[in-house]
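One file, query23.csv, carrying CSV, C-alpha atoms:
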chain,number,residue,atom,x,y,z
Z,1,MET,CA,4.8,4.5,-21.9
Z,2,ALA,CA,4.8,5.6,-18.3
Z,3,PRO,CA,8.2,6.2,-16.7
Z,4,SER,CA,9.6,3.5,-14.3
Z,5,PRO,CA,8.6,4.2,-10.7
Z,6,ARG,CA,12.3,4.0,-9.9
Z,7,ASP,CA,13.1,7.0,-12.2
Z,8,PRO,CA,14.4,9.5,-9.6
Z,9,ALA,CA,13.2,12.4,-11.9
Z,10,ALA,CA,9.6,11.4,-11.3
Z,11,PRO,CA,8.4,13.6,-8.4
Z,12,LEU,CA,5.9,12.3,-5.8
Z,13,VAL,CA,2.4,13.7,-6.1
Z,14,ARG,CA,1.4,15.5,-2.9
Z,15,LEU,CA,-2.2,14.8,-1.9
Z,16,HIS,CA,-2.4,16.7,1.4
Z,17,GLU,CA,-0.3,18.6,3.9
Z,18,GLY,CA,-1.5,19.9,7.3
Z,19,GLY,CA,-1.4,19.2,11.0
Z,20,GLY,CA,2.1,17.7,10.6
Z,21,VAL,CA,0.9,15.1,8.0
Z,22,LEU,CA,2.1,14.9,4.5
Z,23,ALA,CA,0.2,12.5,2.2
Z,24,VAL,CA,1.7,11.4,-1.1
Z,25,ALA,CA,0.7,9.2,-4.0
Z,26,LYS,CA,3.1,6.2,-3.8
Z,27,PRO,CA,3.9,4.6,-7.2
Z,28,ALA,CA,3.8,0.8,-7.4
Z,29,GLY,CA,7.3,-0.8,-7.5
Z,30,LEU,CA,8.8,1.8,-5.3
Z,31,PRO,CA,9.6,0.8,-1.6
Z,32,THR,CA,8.3,3.0,1.1
Z,33,GLN,CA,11.7,3.1,2.8
Z,34,ALA,CA,15.2,1.9,1.9
Z,35,PRO,CA,18.8,2.3,3.0
Z,36,ILE,CA,20.3,5.7,2.2
Z,37,GLY,CA,21.3,5.7,-1.5
Z,38,ILE,CA,18.5,3.5,-2.6
Z,39,ASP,CA,15.4,5.1,-4.2
Z,40,SER,CA,12.3,5.1,-2.1
Z,41,VAL,CA,9.2,7.1,-1.2
Z,42,GLU,CA,11.1,8.5,1.8
Z,43,SER,CA,14.2,9.5,-0.2
Z,44,ARG,CA,12.1,11.3,-2.9
Z,45,ALA,CA,10.0,13.1,-0.2
Z,46,ARG,CA,13.2,14.2,1.5
Z,47,GLU,CA,14.7,15.4,-1.8
Z,48,GLN,CA,11.6,17.3,-2.7
Z,49,ARG,CA,11.2,18.8,0.8
Z,50,PHE,CA,14.7,19.6,1.9
Z,51,GLY,CA,16.7,19.7,-1.4
Z,52,PRO,CA,20.3,20.7,-0.9
Z,53,ALA,CA,20.1,20.1,2.8
Z,54,PHE,CA,19.2,16.5,2.2
Z,55,ARG,CA,21.9,16.0,-0.3
Z,56,SER,CA,24.6,17.6,1.8
Z,57,ALA,CA,23.6,15.6,4.9
Z,58,THR,CA,23.7,12.2,3.1
Z,59,VAL,CA,27.1,13.1,1.5
Z,60,ALA,CA,28.4,13.9,5.0
Z,61,GLY,CA,27.1,10.6,6.4
Z,62,ARG,CA,24.3,12.1,8.6
Z,63,HIS,CA,21.7,9.5,8.1
Z,64,ARG,CA,19.3,10.3,11.0
Z,65,HIS,CA,16.6,12.5,9.5
Z,66,PRO,CA,18.9,13.9,6.8
Z,67,GLY,CA,17.9,17.4,5.8
Z,68,GLY,CA,15.2,17.6,8.5
Z,69,PHE,CA,12.5,15.6,10.3
Z,70,LEU,CA,10.3,13.3,8.2
Z,71,GLY,CA,8.7,10.4,10.0
Z,72,VAL,CA,7.3,7.2,8.2
Z,73,PRO,CA,4.5,5.9,10.4
Z,74,HIS,CA,2.7,4.2,7.5
Z,75,ARG,CA,3.9,1.7,4.9
Z,76,LEU,CA,2.6,0.1,1.8
Z,77,ASP,CA,4.0,-3.1,0.1
Z,78,ARG,CA,6.5,-2.2,-2.7
Z,79,ALA,CA,4.2,-3.6,-5.4
Z,80,VAL,CA,1.2,-1.6,-4.1
Z,81,SER,CA,0.3,2.0,-5.2
Z,82,GLY,CA,-1.8,4.6,-3.5
Z,83,VAL,CA,-2.1,7.1,-0.6
Z,84,LEU,CA,0.7,7.0,1.9
Z,85,LEU,CA,1.0,9.1,5.1
Z,86,LEU,CA,4.3,10.7,6.2
Z,87,ALA,CA,4.8,12.9,9.3
Z,88,THR,CA,6.6,16.3,9.2
Z,89,THR,CA,6.7,16.7,13.0
Z,90,PRO,CA,7.6,14.3,15.8
Z,91,ARG,CA,4.2,14.9,17.4
Z,92,ALA,CA,2.4,13.9,14.2
Z,93,ALA,CA,4.6,10.8,13.9
Z,94,ARG,CA,3.7,9.7,17.4
Z,95,GLN,CA,0.0,10.5,17.0
Z,96,LEU,CA,-0.3,8.7,13.7
Z,97,SER,CA,1.7,5.6,14.9
Z,98,ARG,CA,-0.7,5.4,17.9
Z,99,GLN,CA,-3.7,5.7,15.6
Z,100,PHE,CA,-2.4,2.8,13.4
Z,101,GLU,CA,-1.6,0.7,16.5
Z,102,ARG,CA,-5.1,1.2,17.9
Z,103,ARG,CA,-6.8,0.6,14.6
Z,104,ARG,CA,-8.3,4.0,14.4
Z,105,VAL,CA,-7.1,4.6,10.8
Z,106,ARG,CA,-9.6,3.4,8.2
Z,107,LYS,CA,-8.0,2.2,5.0
Z,108,THR,CA,-9.9,1.2,1.8
Z,109,TYR,CA,-8.2,-0.5,-1.1
Z,110,LEU,CA,-9.2,-1.2,-4.6
Z,111,ALA,CA,-8.1,-4.5,-6.1
Z,112,VAL,CA,-8.6,-6.4,-9.4
Z,113,LEU,CA,-9.0,-10.1,-8.6
Z,114,VAL,CA,-8.8,-13.0,-10.9
Z,115,PRO,CA,-11.2,-15.9,-9.9
Z,116,SER,CA,-9.7,-19.3,-10.8
Z,117,GLY,CA,-11.7,-22.5,-10.3
Z,118,VAL,CA,-14.3,-20.8,-8.0
Z,119,VAL,CA,-17.7,-19.2,-8.6
Z,120,PRO,CA,-17.0,-15.5,-8.2
Z,121,PRO,CA,-19.3,-13.4,-6.1
Z,122,PRO,CA,-21.7,-11.2,-8.1
Z,123,PRO,CA,-21.4,-7.4,-8.4
Z,124,ASP,CA,-22.6,-5.6,-5.2
Z,125,ALA,CA,-22.0,-8.7,-3.1
Z,126,THR,CA,-20.5,-8.0,0.3
Z,127,LEU,CA,-17.3,-9.6,1.4
Z,128,GLN,CA,-16.5,-10.8,5.0
Z,129,TRP,CA,-13.1,-12.5,5.3
Z,130,HIS,CA,-12.0,-13.9,8.6
Z,131,ASP,CA,-8.8,-15.9,8.7
Z,132,THR,CA,-5.7,-16.8,10.7
Z,133,ILE,CA,-2.5,-15.7,9.0
Z,134,HIS,CA,1.0,-16.9,9.7
Z,135,LYS,CA,4.3,-15.6,8.2
Z,136,VAL,CA,6.2,-18.3,6.4
Z,137,ALA,CA,9.5,-18.9,8.0
Z,138,ASP,CA,12.5,-17.5,6.1
Z,139,GLU,CA,10.3,-16.3,3.2
Z,140,PRO,CA,8.9,-12.9,2.4
Z,141,ARG,CA,5.3,-14.1,2.3
Z,142,ALA,CA,2.5,-15.3,4.6
Z,143,GLU,CA,-0.2,-17.9,4.4
Z,144,VAL,CA,-3.7,-18.7,5.8
Z,145,VAL,CA,-3.4,-21.4,8.5
Z,146,PRO,CA,-5.9,-23.2,10.8
Z,147,ARG,CA,-7.1,-21.3,13.9
Z,148,GLY,CA,-4.9,-22.1,16.8
Z,149,THR,CA,-1.7,-22.5,14.8
Z,150,PRO,CA,1.3,-21.3,16.8
Z,151,GLY,CA,2.3,-17.8,15.6
Z,152,GLY,CA,-1.0,-17.4,13.7
Z,153,ARG,CA,-2.7,-14.0,14.0
Z,154,GLU,CA,-6.3,-13.0,13.3
Z,155,ALA,CA,-7.0,-11.2,10.0
Z,156,THR,CA,-10.3,-9.6,9.2
Z,157,THR,CA,-11.3,-7.8,6.0
Z,158,THR,CA,-14.7,-6.5,4.8
Z,159,GLY,CA,-15.6,-5.2,1.4
Z,160,ARG,CA,-17.8,-5.4,-1.7
Z,161,VAL,CA,-17.6,-6.3,-5.3
Z,162,ARG,CA,-17.8,-3.2,-7.4
Z,163,SER,CA,-17.9,-4.7,-10.9
Z,164,ALA,CA,-17.0,-7.7,-13.1
Z,165,ALA,CA,-15.4,-7.6,-16.5
Z,166,ASP,CA,-13.3,-9.9,-18.7
Z,167,GLY,CA,-13.0,-12.6,-16.1
Z,168,THR,CA,-11.9,-10.3,-13.3
Z,169,LEU,CA,-13.5,-8.6,-10.3
Z,170,MET,CA,-13.0,-5.0,-9.2
Z,171,VAL,CA,-13.4,-5.1,-5.4
Z,172,GLU,CA,-13.3,-2.6,-2.6
Z,173,LEU,CA,-11.5,-4.0,0.5
Z,174,GLU,CA,-11.2,-2.6,4.0
Z,175,PRO,CA,-8.7,-4.4,6.3
Z,176,LEU,CA,-9.8,-4.3,9.9
Z,177,THR,CA,-6.5,-5.8,11.0
Z,178,GLY,CA,-2.9,-5.1,9.7
Z,179,ARG,CA,-1.2,-8.4,8.9
Z,180,MET,CA,1.6,-9.0,6.5
Z,181,HIS,CA,0.2,-9.1,2.9
Z,182,GLN,CA,-3.2,-9.5,4.5
Z,183,LEU,CA,-5.4,-8.6,1.5
Z,184,ARG,CA,-3.2,-10.5,-1.0
Z,185,VAL,CA,-3.1,-13.6,1.2
Z,186,GLN,CA,-6.9,-13.6,1.9
Z,187,ALA,CA,-7.9,-13.1,-1.7
Z,188,ALA,CA,-5.6,-15.9,-2.9
Z,189,ALA,CA,-6.9,-18.2,-0.2
Z,190,ARG,CA,-10.3,-17.8,-1.8
Z,191,GLY,CA,-9.2,-18.7,-5.3
Z,192,MET,CA,-9.2,-15.0,-6.4
Z,193,PRO,CA,-5.6,-13.8,-6.4
Z,194,VAL,CA,-4.7,-10.2,-7.2
Z,195,LEU,CA,-3.9,-9.6,-10.8
Z,196,GLY,CA,-0.1,-9.4,-11.2
Z,197,ASP,CA,0.5,-10.9,-7.8
Z,198,VAL,CA,2.6,-13.9,-8.9
Z,199,ALA,CA,3.9,-14.5,-5.4
Z,200,TYR,CA,0.4,-15.6,-4.4
Z,201,GLY,CA,-0.7,-17.4,-7.6
Z,202,GLY,CA,-2.0,-14.4,-9.6
Z,203,PRO,CA,-1.4,-14.2,-13.3
Z,204,PRO,CA,1.3,-11.6,-14.4
Z,205,LEU,CA,0.2,-8.3,-15.7
Z,206,ALA,CA,0.5,-8.3,-19.5
Z,207,SER,CA,1.3,-4.6,-19.4
Z,208,ALA,CA,4.4,-5.0,-17.1
Z,209,GLN,CA,6.9,-2.4,-18.2
Z,210,THR,CA,10.0,-3.7,-16.5
Z,211,THR,CA,12.0,-7.0,-16.4
Z,212,ASP,CA,13.0,-6.4,-12.7
Z,213,PRO,CA,10.5,-8.4,-10.6
Z,214,HIS,CA,11.0,-5.9,-7.7
Z,215,ASP,CA,9.6,-3.1,-9.8
Z,216,ARG,CA,6.5,-4.9,-10.9
Z,217,ALA,CA,3.1,-3.6,-9.9
Z,218,ILE,CA,0.1,-5.6,-8.7
Z,219,ALA,CA,-3.5,-4.5,-9.1
Z,220,LEU,CA,-3.9,-3.4,-5.5
Z,221,HIS,CA,-4.3,0.3,-4.8
Z,222,ALA,CA,-4.6,2.2,-1.5
Z,223,TRP,CA,-7.5,4.3,-2.5
Z,224,ARG,CA,-8.8,6.0,0.6
Z,225,ILE,CA,-7.7,6.6,4.1
Z,226,THR,CA,-9.3,8.3,7.1
Z,227,PHE,CA,-7.4,9.5,10.2
Z,228,LEU,CA,-7.5,12.1,12.9
Z,229,ASP,CA,-5.5,15.3,12.4
Z,230,PRO,CA,-2.7,15.2,15.0
Z,231,GLU,CA,-3.2,18.9,15.8
Z,232,THR,CA,-7.0,19.4,15.8
Z,233,ALA,CA,-8.3,15.8,16.2
Z,234,ALA,CA,-10.7,16.5,13.2
Z,235,GLU,CA,-11.4,13.6,11.0
Z,236,VAL,CA,-9.5,13.7,7.6
Z,237,THR,CA,-10.4,11.6,4.6
Z,238,LEU,CA,-8.1,11.5,1.6
Z,239,THR,CA,-8.4,9.6,-1.7
Z,240,CYS,CA,-5.9,8.8,-4.4
Z,241,PRO,CA,-7.1,7.9,-7.9
Z,242,PRO,CA,-5.6,4.7,-9.3
Z,243,PRO,CA,-2.9,5.0,-12.0
Z,244,ASP,CA,-4.2,5.7,-15.5
Z,245,LEU,CA,-2.8,2.4,-16.6
Z,246,PHE,CA,-4.2,-1.1,-17.3
Z,247,PRO,CA,-6.1,-2.6,-15.5
Z,248,TRP,CA,-7.4,0.5,-13.7
Z,249,GLN,CA,-8.8,2.1,-16.9
Z,250,ARG,CA,-12.4,1.1,-16.1
Z,251,PRO,CA,-15.2,3.0,-14.4
Z,252,LEU,CA,-15.0,3.0,-10.6
Could you render the structure from this file as structure tokens?
Amino acid sequence: MAPSPRDPAAPLVRLHEGGGVLAVAKPAGLPTQAPIGIDSVESRAREQRFGPAFRSATVAGRHRHPGGFLGVPHRLDRAVSGVLLLATTPRAARQLSRQFERRRVRKTYLAVLVPSGVVPPPPDATLQWHDTIHKVADEPRAEVVPRGTPGGREATTTGRVRSAADGTLMVELEPLTGRMHQLRVQAAARGMPVLGDVAYGGPPLASAQTTDPHDRAIALHAWRITFLDPETAAEVTLTCPPPDLFPWQRPL
């Protein structure tokens, strides 16, 4: 059985470091950031990078960049796994934040969807999703609403169906906008929620290895990301293989 993503003994896998950018493989169930003292990608990266300096800074109550500079210009939902970008210099943090804001970062996800009551698209079909998304008041979720709804924001995703097996679809999705839970909301609105995403109507993962709902994974994985190196402006593309666990144990 794989260890819990909240096991602090489990080190982060480093995928890339250069130009002030540190890319790591985020486990599902682990928050990107959390208050000091709570396990997160940021705290593990600081522990691995700064070691004793990080521990002594937190004990002393120095919570602003404890141990040294590490920026978090990129975030993934807690339930999602995959490639995550951190910044090791202030310049890289600014540059990456600007790239995300201007939609110059290309992100490609893999997802396992579960069609329910709809005719699923066939393998190799292209996907073009255009919606208006609105955050539900006082709840940690969003929903698709009619165009023109106050507070609604445009959400666009493209993609394709990679394969179909056992009543599920393996799809590749590229969000062109960055709305709250965008891929999860758009897939569910089409009757094809993400496997494990019970918040949006998906069936639970039979292989769930924890009783804590906050630790549970969904079958959504940040597979590939393309950005510009903050120092050289060269295009960098990184990939992160999905976990070697159900339901990812199928040919990509």
How close does range 148-231 of chain Z get to range 81-87 of chain Z? List, as a tab-separated table, each residue of range 148-231 of chain Z within 12 Å, its nearest atom pair and the distance in Å to one decimal, counting only C-alpha atoms.
residue	atom	partner	partner_atom	distance
Z:Asp215	CA	Z:Ser81	CA	11.6
Z:Arg216	CA	Z:Ser81	CA	10.9
Z:Ala217	CA	Z:Ser81	CA	7.8
Z:Ile218	CA	Z:Ser81	CA	8.4
Z:Ala219	CA	Z:Ser81	CA	8.5
Z:Leu220	CA	Z:Ser81	CA	6.8
Z:His221	CA	Z:Ser81	CA	4.9
Z:Ala222	CA	Z:Gly82	CA	4.2
Z:Trp223	CA	Z:Gly82	CA	5.8
Z:Arg224	CA	Z:Val83	CA	6.9
Z:Ile225	CA	Z:Val83	CA	7.3
Z:Thr226	CA	Z:Leu85	CA	10.5
Z:Phe227	CA	Z:Leu85	CA	9.8
Z:Leu228	CA	Z:Leu85	CA	11.9
Z:Asp229	CA	Z:Ala87	CA	11.0
Z:Pro230	CA	Z:Ala87	CA	9.7
Z:Glu231	CA	Z:Ala87	CA	11.9
Shell of 12 Å around Thr232 in chain Z, all atoms listed in the file, local chain residues under 6 positions omitted, as a CSV table (one decimal) with C-alpha atoms, in the coordinates of the input:
chain,number,residue,atom,x,y,z
Z,18,GLY,CA,-1.5,19.9,7.3
Z,19,GLY,CA,-1.4,19.2,11.0
Z,20,GLY,CA,2.1,17.7,10.6
Z,21,VAL,CA,0.9,15.1,8.0
Z,92,ALA,CA,2.4,13.9,14.2
Z,95,GLN,CA,0.0,10.5,17.0
Interatomic distance between CA of Pro66 in chain Z and CA of Gln33 in chain Z?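 Between CA of Pro66 in chain Z and CA of Gln33 in chain Z the gap works out to 13.6 Å.
The shell of residues at most 7 Å from Arg153 in chain Z, with all atoms listed in the file counted and near chain neighbours (fewer than 4 positions) removed, consists of Thr132, Ile133 and His134 of chain Z.
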I'd like the neighbourhood of Gly152 in chain Z as a PDB file with C-alpha atoms, in the frame of the given file, where a residue qualifies if any of its atoms comes within 9 Å (using all atoms listed in the file), though same-chain residues fewer than 3 positions away should be ignored.
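To be explicit, this is the file written out as selection_6.pdb:
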ATOM      1  CA  THR Z 132      -5.700 -16.800  10.700  1.00  0.00           C
ATOM      2  CA  ILE Z 133      -2.500 -15.700   9.000  1.00  0.00           C
ATOM      3  CA  HIS Z 134       1.000 -16.900   9.700  1.00  0.00           C
ATOM      4  CA  LYS Z 135       4.300 -15.600   8.200  1.00  0.00           C
ATOM      5  CA  VAL Z 144      -3.700 -18.700   5.800  1.00  0.00           C
ATOM      6  CA  VAL Z 145      -3.400 -21.400   8.500  1.00  0.00           C
ATOM      7  CA  PRO Z 146      -5.900 -23.200  10.800  1.00  0.00           C
ATOM      8  CA  ARG Z 147      -7.100 -21.300  13.900  1.00  0.00           C
ATOM      9  CA  GLY Z 148      -4.900 -22.100  16.800  1.00  0.00           C
ATOM     10  CA  THR Z 149      -1.700 -22.500  14.800  1.00  0.00           C
TER      11      THR Z 149
END
In Å, rounded to a single decimal, give me how far CA of Trp248 in chain Z is from CA of Leu113 in chain Z.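 About the pair CA of Leu113 in chain Z and CA of Trp248 in chain Z: they are 11.9 Å apart.
With CA of Val59 in chain Z on one side and CA of Gly37 in chain Z on the other, the separation reads 9.9 Å.
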Compile the contact shell of Arg94 in chain Z as a short mmCIF file (atom, residue, chain, number, x, y, z; two decimals) with C-alpha atoms, in the frame of the given file: residues with an atom at most 9 Å away, counting all atoms listed in the file, same-chain residues fewer than 4 positions apart removed.
data_model
loop_
_atom_site.label_atom_id
_atom_site.label_comp_id
_atom_site.auth_asym_id
_atom_site.auth_seq_id
_atom_site.Cartn_x
_atom_site.Cartn_y
_atom_site.Cartn_z
CA GLY Z 71 8.70 10.40 10.00
CA PRO Z 73 4.50 5.90 10.40
CA ALA Z 87 4.80 12.90 9.30
CA THR Z 89 6.70 16.70 13.00
CA PRO Z 90 7.60 14.30 15.80
CA ARG Z 98 -0.70 5.40 17.90
CA GLN Z 99 -3.70 5.70 15.60
CA PRO Z 230 -2.70 15.20 15.00
#
Using all atoms listed in the file, can you tell me which of Z:Val185, Z:Met180, Z:Trp129, Z:Glu47 comes closest to Thr158 in chain Z?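 Comparing Z:Val185, Z:Met180, Z:Trp129, Z:Glu47 against Thr158 in chain Z, the winner is Z:Trp129.
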Please return as a PyMOL selection string every residue within 7 Å of (-12.1, -9.3, 8.5), taking into account only C-alpha atoms and the file's own coordinates. chain Z and resi 128-130+155-158+175-176
Given the point (0.4, -18.2, -6.2) in the coordinates of this file, which residues lie within 12 Å, counting all atoms listed in the file, and how would they look as a list in words? Val114, Ser116, Arg141, Ala142, Glu143, Arg184, Val185, Gln186, Ala187, Ala188, Ala189, Arg190, Gly191, Met192, Pro193, Val194, Leu195, Gly196, Asp197, Val198, Ala199, Tyr200, Gly201, Gly202, Pro203 and Pro204 of chain Z
Selection file, C-alpha atoms, as a CSV table (one decimal), keeping the file's coordinate frame:
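Output (out_19.csv):
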chain,number,residue,atom,x,y,z
Z,114,VAL,CA,-8.8,-13.0,-10.9
Z,116,SER,CA,-9.7,-19.3,-10.8
Z,141,ARG,CA,5.3,-14.1,2.3
Z,142,ALA,CA,2.5,-15.3,4.6
Z,143,GLU,CA,-0.2,-17.9,4.4
Z,184,ARG,CA,-3.2,-10.5,-1.0
Z,185,VAL,CA,-3.1,-13.6,1.2
Z,186,GLN,CA,-6.9,-13.6,1.9
Z,187,ALA,CA,-7.9,-13.1,-1.7
Z,188,ALA,CA,-5.6,-15.9,-2.9
Z,189,ALA,CA,-6.9,-18.2,-0.2
Z,190,ARG,CA,-10.3,-17.8,-1.8
Z,191,GLY,CA,-9.2,-18.7,-5.3
Z,192,MET,CA,-9.2,-15.0,-6.4
Z,193,PRO,CA,-5.6,-13.8,-6.4
Z,194,VAL,CA,-4.7,-10.2,-7.2
Z,195,LEU,CA,-3.9,-9.6,-10.8
Z,196,GLY,CA,-0.1,-9.4,-11.2
Z,197,ASP,CA,0.5,-10.9,-7.8
Z,198,VAL,CA,2.6,-13.9,-8.9
Z,199,ALA,CA,3.9,-14.5,-5.4
Z,200,TYR,CA,0.4,-15.6,-4.4
Z,201,GLY,CA,-0.7,-17.4,-7.6
Z,202,GLY,CA,-2.0,-14.4,-9.6
Z,203,PRO,CA,-1.4,-14.2,-13.3
Z,204,PRO,CA,1.3,-11.6,-14.4
Shell around Leu127 in chain Z at 10 Å using only C-alpha atoms, local window under 4 positions removed, as a list of chain:residue names: Z:Pro121, Z:Thr157, Z:Thr158, Z:Gly159, Z:Arg160, Z:Val161, Z:Val171, Z:Glu172, Z:Leu173, Z:Glu174
Considering only C-alpha atoms, state which residue in the set Z:Val41, Z:Ala125, Z:Val118, Z:Val105 is at the smallest distance from Arg75 in chain Z.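 For Arg75 in chain Z, the nearest of the candidates is Z:Val41.
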Which is closest to Arg106 in chain Z among Z:Ala165, Z:Ala28, Z:Leu12, Z:Leu238, if we use all atoms listed in the file?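 Distance minimum relative to Arg106 in chain Z lands on Z:Leu238.
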Rank Z:Leu110, Z:Ala164, Z:Met170, Z:Ala93 by their smallest atom-to-atom distance to Leu70 in chain Z, using only C-alpha atoms, and report the top residue only.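 Smallest separation from Leu70 in chain Z among the options: Z:Ala93.
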I need the residue nearest Gly151 in chain Z from this list: Z:Pro120, Z:Ala137, Z:Ala60, Z:Gly67. Use only C-alpha atoms for the distance.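 Checking each candidate against Gly151 in chain Z, we get Z:Ala137 as the closest.
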As AutoDock Vina command-line options, what would the box around range 160-169 of chain Z look like: edges along x, y and z, 4 Å added on every side, centre and edge lengths in Å to one decimal?
--center_x -14.9 --center_y -7.9 --center_z -10.2 --size_x 14.0 --size_y 17.4 --size_z 25.0
Looking at all atoms listed in the file, which of Z:Ala45, Z:Val119, Z:Ala79, Z:Val112 is the one that sits closest to Arg162 in chain Z? Z:Val112
